[in-house]
Each structure stands twice: as C-alpha cells, then as structure tokens.
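Student: Here you go, data15.cif (mmCIF, C-alpha atoms):
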```cif
data_structure
#
loop_
_atom_site.label_atom_id
_atom_site.label_comp_id
_atom_site.auth_asym_id
_atom_site.auth_seq_id
_atom_site.Cartn_x
_atom_site.Cartn_y
_atom_site.Cartn_z
CA MET A 1 -66.13 -121.21 -91.30
CA THR A 2 -64.37 -118.20 -89.83
CA VAL A 3 -64.41 -114.84 -91.52
CA ASN A 4 -61.93 -112.54 -89.84
CA GLY A 5 -62.38 -108.84 -89.27
CA PRO A 6 -60.09 -106.26 -90.88
CA THR A 7 -56.55 -107.58 -90.66
CA MET A 8 -54.76 -105.51 -93.27
CA LEU A 9 -51.18 -105.03 -92.14
CA LEU A 10 -48.34 -103.10 -93.70
CA LYS A 11 -46.51 -105.27 -96.19
CA LYS A 12 -42.95 -105.88 -94.99
CA ILE A 13 -39.86 -105.67 -97.17
CA VAL A 14 -36.32 -106.56 -96.18
CA ILE A 15 -33.78 -104.36 -97.98
CA ALA A 16 -30.36 -106.02 -98.03
CA GLU A 17 -27.94 -103.33 -99.15
CA ASP A 18 -24.54 -102.36 -97.70
CA ASP A 19 -24.44 -98.96 -99.41
CA ASP A 20 -26.08 -96.49 -97.02
CA ALA A 21 -27.04 -93.98 -99.71
CA ILE A 22 -28.76 -96.58 -101.92
CA ALA A 23 -30.42 -98.22 -98.93
CA HIS A 24 -31.77 -94.87 -97.75
CA MET A 25 -33.09 -94.05 -101.22
CA VAL A 26 -34.86 -97.40 -101.59
CA ASN A 27 -36.18 -97.21 -98.04
CA MET A 28 -37.63 -93.74 -98.60
CA ALA A 29 -39.22 -94.67 -101.93
CA LEU A 30 -40.85 -97.88 -100.68
CA GLY A 31 -41.69 -96.40 -97.27
CA ASP A 32 -43.56 -93.56 -98.97
CA ALA A 33 -45.46 -96.20 -100.96
CA GLY A 34 -46.75 -97.70 -97.71
CA PHE A 35 -44.30 -100.53 -97.09
CA LEU A 36 -42.60 -101.33 -93.78
CA CYS A 37 -38.90 -101.56 -94.66
CA LEU A 38 -36.31 -103.47 -92.63
CA ARG A 39 -32.64 -102.82 -93.41
CA ALA A 40 -29.93 -105.49 -93.57
CA ARG A 41 -26.32 -104.40 -94.09
CA ASP A 42 -24.91 -107.79 -95.08
CA GLY A 43 -26.04 -111.23 -96.18
CA GLU A 44 -26.04 -112.80 -92.73
CA GLU A 45 -28.29 -110.06 -91.39
CA ALA A 46 -30.57 -110.43 -94.40
CA LEU A 47 -31.06 -114.15 -93.69
CA LYS A 48 -31.82 -113.43 -90.03
CA LEU A 49 -34.37 -110.72 -90.86
CA VAL A 50 -36.16 -112.88 -93.43
CA LYS A 51 -36.48 -115.75 -90.95
CA ALA A 52 -37.54 -113.46 -88.11
CA HIS A 53 -40.12 -111.38 -89.99
CA ASP A 54 -41.32 -113.52 -92.96
CA PRO A 55 -41.39 -110.48 -95.28
CA ASP A 56 -43.51 -110.11 -98.40
CA LEU A 57 -40.36 -109.40 -100.44
CA LEU A 58 -36.57 -109.33 -100.18
CA VAL A 59 -34.75 -106.59 -102.10
CA LEU A 60 -31.27 -108.05 -102.36
CA ASP A 61 -27.95 -106.54 -103.41
CA VAL A 62 -25.46 -108.97 -104.93
CA MET A 63 -22.15 -107.64 -103.66
CA MET A 64 -22.37 -107.58 -99.86
CA PRO A 65 -19.96 -108.45 -97.04
CA ARG A 66 -19.96 -111.75 -95.09
CA VAL A 67 -22.43 -113.55 -97.38
CA ASP A 68 -23.07 -112.25 -100.90
CA GLY A 69 -26.51 -111.91 -102.44
CA LEU A 70 -26.20 -114.99 -104.65
CA GLU A 71 -25.53 -117.19 -101.62
CA VAL A 72 -28.39 -115.58 -99.69
CA ALA A 73 -30.74 -116.40 -102.56
CA ARG A 74 -29.48 -119.99 -102.77
CA ARG A 75 -29.94 -120.59 -99.05
CA LEU A 76 -33.44 -119.17 -98.97
CA LYS A 77 -34.64 -121.06 -102.02
CA ALA A 78 -33.18 -124.29 -100.63
CA ASP A 79 -35.14 -123.91 -97.38
CA VAL A 80 -38.68 -125.30 -97.48
CA MET A 81 -39.92 -122.59 -95.11
CA TRP A 82 -38.43 -119.56 -96.90
CA SER A 83 -38.32 -120.66 -100.54
CA ARG A 84 -41.60 -118.84 -101.20
CA THR A 85 -40.10 -115.43 -100.28
CA PRO A 86 -39.89 -113.45 -103.56
CA ILE A 87 -36.48 -111.93 -104.26
CA LEU A 88 -35.80 -108.80 -106.29
CA MET A 89 -32.08 -108.64 -106.95
CA LEU A 90 -30.37 -105.27 -107.36
CA THR A 91 -26.84 -105.11 -108.68
CA ALA A 92 -24.34 -102.99 -110.60
CA LEU A 93 -23.37 -106.15 -112.50
CA ALA A 94 -25.51 -105.58 -115.57
CA GLY A 95 -24.18 -108.21 -117.97
CA VAL A 96 -26.36 -111.02 -119.28
CA ASP A 97 -24.19 -113.62 -117.54
CA ASP A 98 -24.58 -111.78 -114.25
CA GLN A 99 -28.35 -111.74 -114.62
CA VAL A 100 -28.37 -115.45 -115.46
CA HIS A 101 -26.31 -116.22 -112.34
CA GLY A 102 -28.74 -114.20 -110.21
CA LEU A 103 -31.83 -115.88 -111.62
CA GLU A 104 -30.27 -119.32 -111.35
CA ALA A 105 -29.41 -118.62 -107.70
CA GLY A 106 -33.11 -118.04 -106.99
CA ALA A 107 -33.89 -114.40 -107.75
CA ASP A 108 -37.41 -113.90 -109.09
CA ALA A 109 -36.59 -110.61 -110.81
CA TYR A 110 -33.51 -108.55 -111.54
CA MET A 111 -32.81 -104.80 -111.73
CA SER A 112 -29.54 -103.18 -112.64
CA LYS A 113 -28.10 -100.14 -110.87
CA PRO A 114 -28.73 -97.31 -111.44
CA PHE A 115 -32.49 -97.83 -111.56
CA ASP A 116 -35.59 -95.67 -111.72
CA LEU A 117 -37.42 -95.48 -108.39
CA ARG A 118 -40.81 -95.51 -110.11
CA GLU A 119 -39.92 -98.75 -111.88
CA LEU A 120 -38.63 -100.19 -108.60
CA GLY A 121 -41.91 -99.36 -106.86
CA ALA A 122 -43.96 -100.86 -109.69
CA ARG A 123 -41.84 -104.03 -109.73
CA VAL A 124 -42.13 -104.43 -105.96
CA LYS A 125 -45.92 -104.04 -105.99
CA ALA A 126 -46.33 -106.46 -108.90
CA MET A 127 -44.10 -109.11 -107.29
CA ILE A 128 -45.89 -108.90 -103.93
CA ARG A 129 -49.28 -109.01 -105.61
CA THR A 130 -48.34 -112.12 -107.60
CA ALA A 131 -46.68 -113.85 -104.64
CA ARG A 132 -49.63 -113.21 -102.31
CA ARG A 133 -52.08 -114.43 -104.94
CA GLU A 134 -50.21 -117.70 -105.31
CA ARG A 135 -49.58 -118.08 -101.57
CA ASP A 136 -53.30 -117.66 -100.84
CA ARG A 137 -54.41 -120.47 -103.16
CA SER A 138 -55.79 -123.77 -101.92
CA PRO A 139 -53.39 -126.54 -103.00
CA SER A 140 -56.21 -129.04 -103.63
CA THR A 141 -58.42 -126.84 -105.84
CA ASN A 142 -56.11 -123.98 -106.93
CA LEU A 143 -58.86 -121.58 -105.86
CA PRO A 144 -58.24 -118.62 -103.53
CA GLY A 145 -57.84 -119.72 -99.91
CA SER A 146 -59.03 -118.40 -96.55
CA ARG A 147 -56.96 -115.21 -96.44
CA ALA A 148 -57.97 -114.29 -99.98
CA ILE A 149 -61.62 -114.89 -99.05
CA ASP A 150 -61.29 -112.54 -96.06
CA GLU A 151 -59.72 -109.89 -98.27
CA GLU A 152 -62.48 -110.22 -100.89
CA ILE A 153 -65.19 -109.77 -98.26
CA GLU A 154 -63.26 -106.94 -96.61
CA SER A 155 -62.94 -105.20 -99.97
CA ALA A 156 -66.72 -105.38 -100.50
CA LEU A 157 -67.39 -104.00 -97.02
CA LYS A 158 -64.86 -101.20 -97.49
CA ALA A 159 -66.47 -100.20 -100.78
CA GLY A 160 -69.95 -100.32 -99.24
CA LYS A 161 -71.01 -102.38 -102.24
CA PRO A 162 -74.14 -104.58 -101.80
CA THR A 163 -72.90 -108.16 -101.87
CA SER A 164 -74.20 -111.65 -101.19
CA VAL A 165 -71.91 -114.22 -99.58
CA VAL A 166 -72.76 -117.90 -100.04
CA HIS A 167 -71.19 -120.64 -97.93
CA ILE A 168 -71.31 -124.00 -99.72
CA ASP A 169 -70.62 -127.41 -98.21
CA LEU A 170 -71.39 -131.05 -99.00
CA LEU A 171 -73.83 -132.98 -96.85
CA ASN A 172 -72.62 -136.45 -95.87
CA PHE A 173 -69.09 -135.69 -97.09
CA ASP A 174 -67.31 -137.23 -94.09
CA SER A 175 -68.90 -140.66 -94.55
CA TYR A 176 -68.37 -140.42 -98.30
CA ALA A 177 -64.67 -139.58 -97.81
CA ASP A 178 -64.29 -142.53 -95.43
CA SER A 179 -65.66 -144.85 -98.09
CA VAL A 180 -63.62 -143.62 -101.08
CA GLY A 181 -60.38 -142.58 -99.35
CA ILE A 182 -58.47 -139.32 -99.08
CA ALA A 183 -57.14 -139.05 -102.65
CA ARG A 184 -60.48 -139.72 -104.34
CA SER A 185 -62.41 -137.47 -101.99
CA GLU A 186 -59.95 -134.66 -102.78
CA ASP A 187 -60.68 -135.25 -106.47
CA THR A 188 -64.37 -134.79 -105.66
CA VAL A 189 -63.66 -131.50 -103.86
CA LYS A 190 -61.59 -130.31 -106.82
CA SER A 191 -64.44 -131.16 -109.20
CA LEU A 192 -66.93 -129.33 -106.99
CA GLY A 193 -64.70 -126.25 -106.98
CA GLY A 194 -64.65 -126.27 -110.78
CA TRP A 195 -68.44 -126.58 -110.99
CA LEU A 196 -68.97 -123.73 -108.52
CA LEU A 197 -66.58 -121.53 -110.50
CA GLU A 198 -68.46 -122.37 -113.69
CA ALA A 199 -71.76 -121.53 -111.99
CA ALA A 200 -70.45 -118.20 -110.65
CA ARG A 201 -69.07 -117.18 -114.02
CA GLY A 202 -72.29 -118.13 -115.78
CA ALA A 203 -74.53 -116.32 -113.28
CA SER A 204 -72.48 -113.14 -113.25
CA GLY A 205 -71.43 -112.96 -116.88
CA GLY A 206 -67.80 -113.78 -116.13
CA GLY A 207 -67.35 -112.25 -112.69
CA GLY A 208 -68.08 -113.67 -109.24
CA PHE A 209 -65.59 -114.96 -106.69
CA ILE A 210 -65.17 -118.55 -105.51
CA GLY A 211 -62.79 -119.40 -102.67
CA HIS A 212 -61.96 -122.69 -100.96
CA ILE A 213 -61.87 -122.61 -97.16
CA GLY A 214 -60.78 -126.25 -96.88
CA GLY A 215 -62.35 -129.70 -96.90
CA SER A 216 -65.61 -129.46 -98.84
CA ASP A 217 -66.28 -125.84 -97.74
CA PHE A 218 -66.40 -123.05 -100.31
CA ILE A 219 -67.36 -119.38 -100.33
CA ALA A 220 -68.98 -117.49 -103.20
CA VAL A 221 -69.02 -113.67 -103.23
CA VAL A 222 -71.48 -112.36 -105.82
CA ALA A 223 -73.72 -109.40 -106.51
CA PRO A 224 -77.14 -109.80 -104.82
CA GLU A 225 -78.95 -110.18 -108.15
CA HIS A 226 -76.62 -113.03 -109.09
CA SER A 227 -77.00 -115.12 -105.93
CA GLU A 228 -80.17 -116.98 -106.95
CA PRO A 229 -78.93 -117.73 -110.51
CA PHE A 230 -75.62 -118.91 -109.02
CA ILE A 231 -77.34 -121.23 -106.53
CA ALA A 232 -79.66 -122.64 -109.21
CA SER A 233 -76.75 -123.22 -111.59
CA ALA A 234 -74.61 -124.83 -108.88
CA LYS A 235 -77.38 -127.29 -108.01
CA ALA A 236 -78.03 -128.10 -111.67
CA LEU A 237 -74.35 -128.68 -112.44
CA PHE A 238 -73.93 -130.87 -109.36
CA ASP A 239 -76.93 -133.02 -110.31
CA GLU A 240 -75.75 -133.26 -113.91
CA LYS A 241 -72.16 -134.24 -113.17
CA ARG A 242 -72.07 -136.02 -109.83
CA SER A 243 -72.53 -139.48 -111.43
CA ALA A 244 -68.93 -139.17 -112.68
CA LEU A 245 -67.63 -138.85 -109.12
CA PRO A 246 -65.96 -141.88 -107.50
CA GLY A 247 -67.75 -144.18 -105.05
CA GLU A 248 -71.40 -143.60 -104.20
CA PRO A 249 -71.92 -139.88 -104.86
CA VAL A 250 -75.70 -140.30 -104.70
CA GLN A 251 -75.45 -139.74 -100.93
CA LEU A 252 -73.91 -136.29 -101.45
CA ALA A 253 -75.97 -133.09 -101.51
CA LEU A 254 -75.19 -129.40 -101.53
CA VAL A 255 -75.96 -127.34 -98.46
CA MET A 256 -75.75 -123.56 -98.81
CA ALA A 257 -76.10 -120.60 -96.47
CA VAL A 258 -76.65 -117.13 -97.92
CA ALA A 259 -76.00 -113.81 -96.17
CA PRO A 260 -76.12 -110.27 -97.59
CA THR A 261 -73.71 -107.60 -96.45
CA ASP A 262 -76.54 -105.09 -96.05
CA GLY A 263 -76.03 -102.86 -93.02
CA LEU A 264 -72.52 -104.16 -92.34
CA THR A 265 -69.46 -101.91 -92.22
CA LEU A 266 -65.73 -102.52 -92.32
CA ASN A 267 -65.52 -102.19 -88.54
CA GLY A 268 -66.74 -105.55 -87.23
CA GLY A 269 -68.81 -106.35 -90.31
CA ALA A 270 -66.82 -109.41 -91.34
CA ASP A 271 -67.17 -110.95 -87.88
CA GLU A 272 -70.94 -110.39 -87.92
CA LEU A 273 -71.16 -111.83 -91.42
CA GLY A 274 -69.29 -114.93 -90.25
CA ARG A 275 -71.67 -115.29 -87.31
CA ARG A 276 -74.73 -115.06 -89.55
CA LEU A 277 -73.35 -117.56 -92.05
CA GLY A 278 -72.33 -119.96 -89.29
CA LYS A 279 -75.83 -119.90 -87.79
CA ALA A 280 -77.50 -120.33 -91.17
CA MET A 281 -75.19 -123.20 -92.16
CA LYS A 282 -75.92 -124.99 -88.89
CA GLN A 283 -79.67 -124.68 -89.53
CA ALA A 284 -79.29 -125.82 -93.14
CA LYS A 285 -77.33 -128.92 -92.16
CA ALA A 286 -79.89 -129.77 -89.50
CA ALA A 287 -82.65 -129.56 -92.11
CA GLY A 288 -80.79 -131.44 -94.82
CA GLN A 289 -80.69 -135.19 -95.35
CA THR A 290 -80.11 -136.14 -98.98
CA ASN A 291 -81.58 -133.13 -100.83
CA HIS A 292 -79.96 -129.79 -101.60
CA VAL A 293 -80.71 -127.21 -98.90
CA VAL A 294 -80.41 -123.42 -99.09
CA TRP A 295 -80.80 -121.34 -95.94
CA SER A 296 -80.83 -117.55 -95.76
CA ALA A 297 -79.08 -115.89 -92.83
CA SER A 298 -80.92 -113.45 -90.61
#
```
Rewrite the coordinates I just gave you, this time as structure tokens.
Tutor:
Amino acid sequence: MTVNGPTMLLKKIVIAEDDDAIAHMVNMALGDAGFLCLRARDGEEALKLVKAHDPDLLVLDVMMPRVDGLEVARRLKADVMWSRTPILMLTALAGVDDQVHGLEAGADAYMSKPFDLRELGARVKAMIRTARRERDRSPSTNLPGSRAIDEEIESALKAGKPTSVVHIDLLNFDSYADSVGIARSEDTVKSLGGWLLEAARGASGGGGFIGHIGGSDFIAVVAPEHSEPFIASAKALFDEKRSALPGEPVQLALVMAVAPTDGLTLNGGADELGRRLGKAMKQAKAAGQTNHVVWSAS
C-alpha cells in the first residue's frame, strides 16, 4: 500500500469559446473560484488542449470556427482515452432540438446564453465532483479507489480530526486466486468489499469509509472508537459468509493493520501513516497462517 502525501492540484478547465468577451467573463468567474482555466479559440485548439492537459472539465461553445462544438464533443466521446472528460456545452441556440443535438453529441450538461455566472460556477463544481467520484472508483468493487483513499486521509489530517486507518488484506489470496481463476477471485474480492462496507456502516452508525486499493487490499477510515467494532464485525461477517465463496475459501483469512493519525499533520503525515501501516501489515502477515490477524502500528 502507498498513501501519498498532499497532492491537491488546481482543477483544470478548458474553455472553448471564440468570443473574447464571453471567454474572459467565464475565465474570470471560474478563475476566482480556484480553477486553472485554459482558453481555446476554436474546436481544433480545444481538442489539442484536452489531449495535452487532461482537464477536469471542458466548457464548450457550439458555434466555433474550424471545428464546431458538436463535432468536438463527438470526437472526444468516441475516443477511449478522452470519453470520460465531462463536457458543459454553452450556446445561444436555446431550442429544445438544439439541446437534444448537443446532448446526443456527447455533452453532459447544457447551458444557454446568456447565463448566470453563479449557476455556471455551481454547475462546474457539481460536474467535476461527480466525474472525479466516478473516475476514482475501483471497477471490480465499485468502491472508492486509491486517489479517493488518499483524499479521504488527507481530509482527516487537514481537519486535525482523530482517525483510525485500517488496512485489510486476505491471507493466502494468491494461491486461492490461482486455484479458482481470475474471474471467480474477483467475485470474492467484490464480496469482501461489500462485507467490509456493511461492517463499517454497522460500527459507525452509517458512516465510515471503505476504499479498494486493488487486488484484495482495502482501506477503512473510521473514528477511533469505531475501529474495534468495525474489526470485530468484519471478522464475524467473513466467518459467517465465506462458505458461499467459490473454491476452497477455508484457506482464506483476514489480516489487518491499524494505525491512528494521532500526532500526524498534513505536511508529511500521509507518508508517515503509510510507512506505519506498511510495517504493521508486514508483521501481521508474518504472524498469520490461517487465522485472522490484527496488528497495531507503532
């Protein structure tokens, strides 16, 4: 497991607009909101900027020289690398048919000119938030992935809120996966993710965070008073339900490393937390054979 240090970067937006006055207005409004704005004056330039900078959002005018906005949207959504880029389409064409054409071309949302800058800012933030949430999910479990885990831990460190981080893995998973095959072992990982989420929700009264690093590795971020109930519930659920797993699940066992964020700060705290968890997980795996093992980091 690797927990990165603070990596929060300015969210980038490409603004594709040939009208200088409108582009300046949008740029000022979104720039003041904390976004890094990159200007494209035509469709060709918009495509180049998206592919060069992988922005969090494309604000796209429809009527532009060289390549219009509809064609830009079609090309991006047809490309496997750039189809995930959210597109907010701005246009003076306010008819229902025009909106349908824009959405069918690949726009994720549509605003008609003239527009309110406050609404534009709110739309942009909501679209980026939704897109990042979906982009950060593990495809095998639908749980938050590595970047979302880092952001959750970073948020706790920034708030100075006492937190316990639990790294969960499966002992003997590699040999188990070899025996049942890739597809069935992925089903096992998906089931485990669901049980851990159930355990976190039960221990915290509906809260708690579960993320999937990859393979059979998961991270729980819970309040300190919820860590022991979470661990106990996770072990109980695993023992109760593992008989339904494919192959010979009897060889599988949970191994967990627990580390508090006490004394850690935003500056370098995530790296130190990762070091502590890595050391504790190594010790837990060395101690484990077929029984569940929990090891506290020091």
Student: Between atom CA of Lys190 of chain A and atom CA of Val166 of chain A, what distance in Å does the model show, to one decimal?
Tutor: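 Interatomic distance, atom CA of Lys190 of chain A to atom CA of Val166 of chain A: 18.0 Å.
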Student: Translate the PyMOL selection byres ((chain A and resi 126-137) around 9) into a concrete residue list for this structure, as number ranges by chain.
Tutor: A: 11, 56-57, 84-88, 108-109, 121-125, 138-149, 211-212
Student: Check which residues satisfy the PyMOL selection byres ((chain A and resi 175-179) around 9) in the file shown, then give them as JSON, numbers by chain.
Tutor: {"A": [172, 173, 174, 180, 181, 182, 183, 184, 185, 186, 247, 248, 249, 251, 252]}
Student: Can you turn the PyMOL selection byres ((chain A and resi 66) around 10) into a concrete residue list for this file, as a list of chain:residue names?
Tutor: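 For this structure, the PyMOL selection byres ((chain A and resi 66) around 10) resolves to A:Arg41, A:Asp42, A:Gly43, A:Glu44, A:Glu45, A:Met63, A:Met64, A:Pro65, A:Val67, A:Asp68, A:Gly69.
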Student: For the selection you just gave me, I'd like the residues written to a file as a short mmCIF file (atom, residue, chain, number, x, y, z; two decimals), in the frame of the given file, keeping C-alpha atoms.
Tutor:
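Contents of again-v4.cif, as written:
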```cif
data_model
loop_
_atom_site.label_atom_id
_atom_site.label_comp_id
_atom_site.auth_asym_id
_atom_site.auth_seq_id
_atom_site.Cartn_x
_atom_site.Cartn_y
_atom_site.Cartn_z
CA ARG A 41 -26.32 -104.40 -94.09
CA ASP A 42 -24.91 -107.79 -95.08
CA GLY A 43 -26.04 -111.23 -96.18
CA GLU A 44 -26.04 -112.80 -92.73
CA GLU A 45 -28.29 -110.06 -91.39
CA MET A 63 -22.15 -107.64 -103.66
CA MET A 64 -22.37 -107.58 -99.86
CA PRO A 65 -19.96 -108.45 -97.04
CA VAL A 67 -22.43 -113.55 -97.38
CA ASP A 68 -23.07 -112.25 -100.90
CA GLY A 69 -26.51 -111.91 -102.44
#
```
Student: May I ask for the distance between atom CA of Asp18 of chain A and atom CA of Leu49 of chain A, given in Å to one decimal place?
Tutor: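 These two atoms are separated by 14.6 Å.
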Student: Just how far from atom CA of Glu152 of chain A is atom CA of Gln283 of chain A, in Å to one decimal?
Tutor: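 Computing the Euclidean distance for atom CA of Gln283 of chain A and atom CA of Glu152 of chain A yields 25.2 Å.
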Student: Using all atoms listed in the file, find all polymer residues with an atom at most 7 Å away from the point (-70.1, -128.6, -113.0); report them as a list of chain:residue names.
Tutor: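 Residues satisfying the cut-off, written out: A:Leu192, A:Gly194, A:Trp195, A:Leu196, A:Glu198, A:Leu237, A:Phe238, A:Lys241.
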Student: Hey, what's within 12 Å of Ala107 of chain A if we count all atoms listed in the file and toss same-chain stuff fewer than 5 positions away? As a ChimeraX atom specification, please?
Tutor: /A:57-62,69-77,83-91,98-102,127
Student: Anything within 6 Å of (-26.1, -100.2, -113.2): list those residues as a list in words, counting only C-alpha atoms and sticking to the file's coordinates.
Tutor: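 Every residue inside that radius is included here: Ala92, Ala94, Ser112, Lys113 and Pro114 of chain A.
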Student: Residues as selected, C-alpha atoms, written as an mmCIF file, keeping the file's coordinate frame, can you do that?
Tutor:
```
data_model
loop_
_atom_site.group_PDB
_atom_site.id
_atom_site.type_symbol
_atom_site.label_atom_id
_atom_site.label_comp_id
_atom_site.auth_asym_id
_atom_site.auth_seq_id
_atom_site.Cartn_x
_atom_site.Cartn_y
_atom_site.Cartn_z
ATOM 1 C CA ALA A 92 -24.340 -102.990 -110.600
ATOM 2 C CA ALA A 94 -25.510 -105.580 -115.570
ATOM 3 C CA SER A 112 -29.540 -103.180 -112.640
ATOM 4 C CA LYS A 113 -28.100 -100.140 -110.870
ATOM 5 C CA PRO A 114 -28.730 -97.310 -111.440
#
```
Student: I'd like to know which of A:Asn291, A:Glu17, A:Arg201, A:Lys279 is closest to Asp239 of chain A, using all atoms listed in the file.
Tutor: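 Of A:Asn291, A:Glu17, A:Arg201, A:Lys279, the one nearest Asp239 of chain A is A:Asn291, counting all atoms listed in the file.
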Student: What's around Lys235 of chain A at 9 Å? Count all atoms listed in the file, leave out sequence neighbours fewer than 5 positions away in its own chain, and write the answer as a PyMOL selection string.
Tutor: chain A and resi 199+230+240+253-254+292
Student: Considering all atoms listed in the file, can you say which of A:Ala232, A:Leu273, A:Leu120, A:Ala46 comes closest to Val294 of chain A?
Tutor: A:Ala232
Student: For each of A:Thr261, A:Lys51, A:Ser204, A:Asp187, take the minimum atom-to-atom distance to Leu245 of chain A, counting only C-alpha atoms, then give the residue where this is smallest.
Tutor: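 Distance minimum relative to Leu245 of chain A lands on A:Asp187.
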